[in-house]
Amino acid sequence: MRMLIEDNMALCTDAEVQRLLPLVSPQRRETALRYKHTFGQWASLRSWLMLRELGLPDEPWQYNEYGKPYIPNGPHFSISHCKQGIAVAVDEQPVGIDIESYRDITPELIAYTMSEAEQEQINAAQDPIKAFTELWTRKEAYVKFLGTGLAGVPGNPRQYLDHTADATLVTKATDKYAYTICTKS
């Protein structure tokens with residue numbers, strides 16, 4: 001498994017978007033320019049270039065029924081971005097990655113997204129925002145590993161970390177964000 005993280009957000013400028021556009025395929029340019037804001041355009045372009053640095057072939061992507069991009073007969077990959085960074089991963093097996101900035105959370109959000117055990121863990125944590133973010137990245141990385149994203153998970157997101165025996169999840173935290181990489185056990 002190969003992974004890269006970009007957290008130099010000073011690179012996110014209109015000038016950098018214009019510099020990156022000619023470096024990617026027409027499909028990638030079209031996808032990037034669908035975003036209305038500079039951040040989305042830059043994150044789209046930069047994530048593709050990061051994947052290419054990790055050896056992903058420059059072939060057209062296809063999308064599964066849940067919208068997850070893939071390359072037929074190619075390596076598996078996963079992309080995530082937040083206001084503080086971009087994370088990409090490439091592997092020969094299914095892989096999922098998620099990166100999230102720390103942000104305010106409400107009791108309602110915690111109750112909706114976390115199991116009772118996770119809620120207790122968050123409430124007991126020295127830094128509840130950090131604990132919530134780490135748990136959330138684990139959930140997102142796992143459903144990306146499955147290839148379904150949140151759209152393919154039935155019911156409430158509170159349950160979907162109950163059956164991860166098929167996966168290994170590794171979570172890391174910085175002072176600005178947390179990320180989790182999920183690979184096959």
# chains A, B, ... in the order shown; residues from 1 in each chain; ligands from 1
$ residues_around --residues "Gln119 in chain A" --least-positions-apart "5" --cutoff "7 Å" --atoms "only C-alpha atoms" --output "list in words"
Ile110, Ala111 and Met114 of chain A
$ write_last_selection --atoms "C-alpha atoms" --output "compact mmCIF listing (two decimals), in the first residue's frame"
# COMPACT_ATOMS: atom_id res chain seq x y z
CA ILE A 110 -22.68 12.57 17.80
CA ALA A 111 -25.95 10.78 18.61
CA MET A 114 -21.96 7.17 16.65
$ residues_around --residues "range 36-50 of chain A" --least-positions-apart "3" --cutoff "8 Å" --atoms "only C-alpha atoms" --output "list in words"
Leu4, Cys12, Thr13, Asp14, Glu16, Val17, Leu20, Leu21, Val24, Arg28, Arg29, Thr31, Ala32, Leu33, Glu53, Leu54, Ile79, His81, Ile86, Ala87 and Val88 of chain A
$ closest_residue --among "A:Ile97, A:Ala173, A:Ala151, A:Ala165" --to "Ile129 in chain A" --atoms "only C-alpha atoms"
A:Ala173
$ select_by_dssp --residues "range 21-132 of chain A" --states "alpha helix (DSSP H)" --output "ChimeraX atom specification"
/A:26-33,38-53,107-113,116-124,128-132
$ select_by_dssp --residues "chain A" --states "strand (DSSP E)" --output "PyMOL selection string"
chain A and resi 2-6+62-63+69-70+76-82+85-91+95-101+167-173+177-184
$ closest_residue --among "A:Lys144, A:Lys139, A:Lys172, A:Arg103" --to "Asp127 in chain A" --atoms "only C-alpha atoms"
A:Arg103
$ atom_distance --atom1 "CA of Ile99 in chain A" --atom2 "CA of Pro75 in chain A"
20.8 Å
$ closest_residue --among "A:Thr106, A:Ser185, A:Tyr142, A:Lys83" --to "Asn8 in chain A" --atoms "only C-alpha atoms"
A:Lys83
$ residues_around --residues "Ala141 in chain A" --least-positions-apart "2" --cutoff "7 Å" --atoms "only C-alpha atoms" --output "NGL selection string"
:A and (96-98 or 137-139 or 143-145 or 180-182)
$ write_last_selection --atoms "N, CA, C and O atoms" --output "PDB file, in the first residue's frame"
ATOM      1  N   GLY A  96      -9.281   2.082   1.360  1.00  0.00           N
ATOM      2  CA  GLY A  96     -10.090   3.269   1.624  1.00  0.00           C
ATOM      3  C   GLY A  96      -9.295   4.235   2.473  1.00  0.00           C
ATOM      4  O   GLY A  96      -8.549   3.807   3.357  1.00  0.00           O
ATOM      5  N   ILE A  97      -9.444   5.517   2.210  1.00  0.00           N
ATOM      6  CA  ILE A  97      -8.762   6.530   3.018  1.00  0.00           C
ATOM      7  C   ILE A  97      -9.724   7.682   3.262  1.00  0.00           C
ATOM      8  O   ILE A  97     -10.562   7.997   2.410  1.00  0.00           O
ATOM      9  N   ASP A  98      -9.629   8.270   4.451  1.00  0.00           N
ATOM     10  CA  ASP A  98     -10.421   9.458   4.744  1.00  0.00           C
ATOM     11  C   ASP A  98      -9.589  10.401   5.594  1.00  0.00           C
ATOM     12  O   ASP A  98      -8.837   9.974   6.466  1.00  0.00           O
ATOM     13  N   THR A 137     -13.376   9.319  10.683  1.00  0.00           N
ATOM     14  CA  THR A 137     -12.503   8.922   9.570  1.00  0.00           C
ATOM     15  C   THR A 137     -12.433   7.411   9.453  1.00  0.00           C
ATOM     16  O   THR A 137     -12.299   6.889   8.343  1.00  0.00           O
ATOM     17  N   ARG A 138     -12.536   6.706  10.549  1.00  0.00           N
ATOM     18  CA  ARG A 138     -12.540   5.232  10.505  1.00  0.00           C
ATOM     19  C   ARG A 138     -13.776   4.732   9.761  1.00  0.00           C
ATOM     20  O   ARG A 138     -13.693   3.827   8.937  1.00  0.00           O
ATOM     21  N   LYS A 139     -14.925   5.322  10.060  1.00  0.00           N
ATOM     22  CA  LYS A 139     -16.155   4.919   9.380  1.00  0.00           C
ATOM     23  C   LYS A 139     -16.066   5.206   7.883  1.00  0.00           C
ATOM     24  O   LYS A 139     -16.386   4.351   7.050  1.00  0.00           O
ATOM     25  N   VAL A 143     -16.057   2.440   4.659  1.00  0.00           N
ATOM     26  CA  VAL A 143     -17.046   2.330   3.582  1.00  0.00           C
ATOM     27  C   VAL A 143     -16.413   2.618   2.218  1.00  0.00           C
ATOM     28  O   VAL A 143     -16.869   2.106   1.199  1.00  0.00           O
ATOM     29  N   LYS A 144     -15.343   3.406   2.186  1.00  0.00           N
ATOM     30  CA  LYS A 144     -14.598   3.584   0.932  1.00  0.00           C
ATOM     31  C   LYS A 144     -13.869   2.289   0.568  1.00  0.00           C
ATOM     32  O   LYS A 144     -13.796   1.915  -0.601  1.00  0.00           O
ATOM     33  N   PHE A 145     -13.321   1.603   1.573  1.00  0.00           N
ATOM     34  CA  PHE A 145     -12.702   0.294   1.377  1.00  0.00           C
ATOM     35  C   PHE A 145     -13.716  -0.681   0.776  1.00  0.00           C
ATOM     36  O   PHE A 145     -13.404  -1.424  -0.159  1.00  0.00           O
ATOM     37  N   THR A 180      -7.544   8.167   8.391  1.00  0.00           N
ATOM     38  CA  THR A 180      -7.526   6.715   8.560  1.00  0.00           C
ATOM     39  C   THR A 180      -7.338   6.071   7.206  1.00  0.00           C
ATOM     40  O   THR A 180      -7.944   6.481   6.221  1.00  0.00           O
ATOM     41  N   ILE A 181      -6.495   5.050   7.196  1.00  0.00           N
ATOM     42  CA  ILE A 181      -6.302   4.212   6.002  1.00  0.00           C
ATOM     43  C   ILE A 181      -6.881   2.839   6.351  1.00  0.00           C
ATOM     44  O   ILE A 181      -6.661   2.335   7.452  1.00  0.00           O
ATOM     45  N   CYS A 182      -7.649   2.276   5.432  1.00  0.00           N
ATOM     46  CA  CYS A 182      -8.281   0.984   5.640  1.00  0.00           C
ATOM     47  C   CYS A 182      -7.849   0.037   4.530  1.00  0.00           C
ATOM     48  O   CYS A 182      -8.001   0.354   3.342  1.00  0.00           O
TER      49      CYS A 182
END
$ closest_residue --among "A:Glu6, A:Ala117, A:Ser101, A:Tyr66" --to "Lys176 in chain A" --atoms "only C-alpha atoms"
A:Ser101
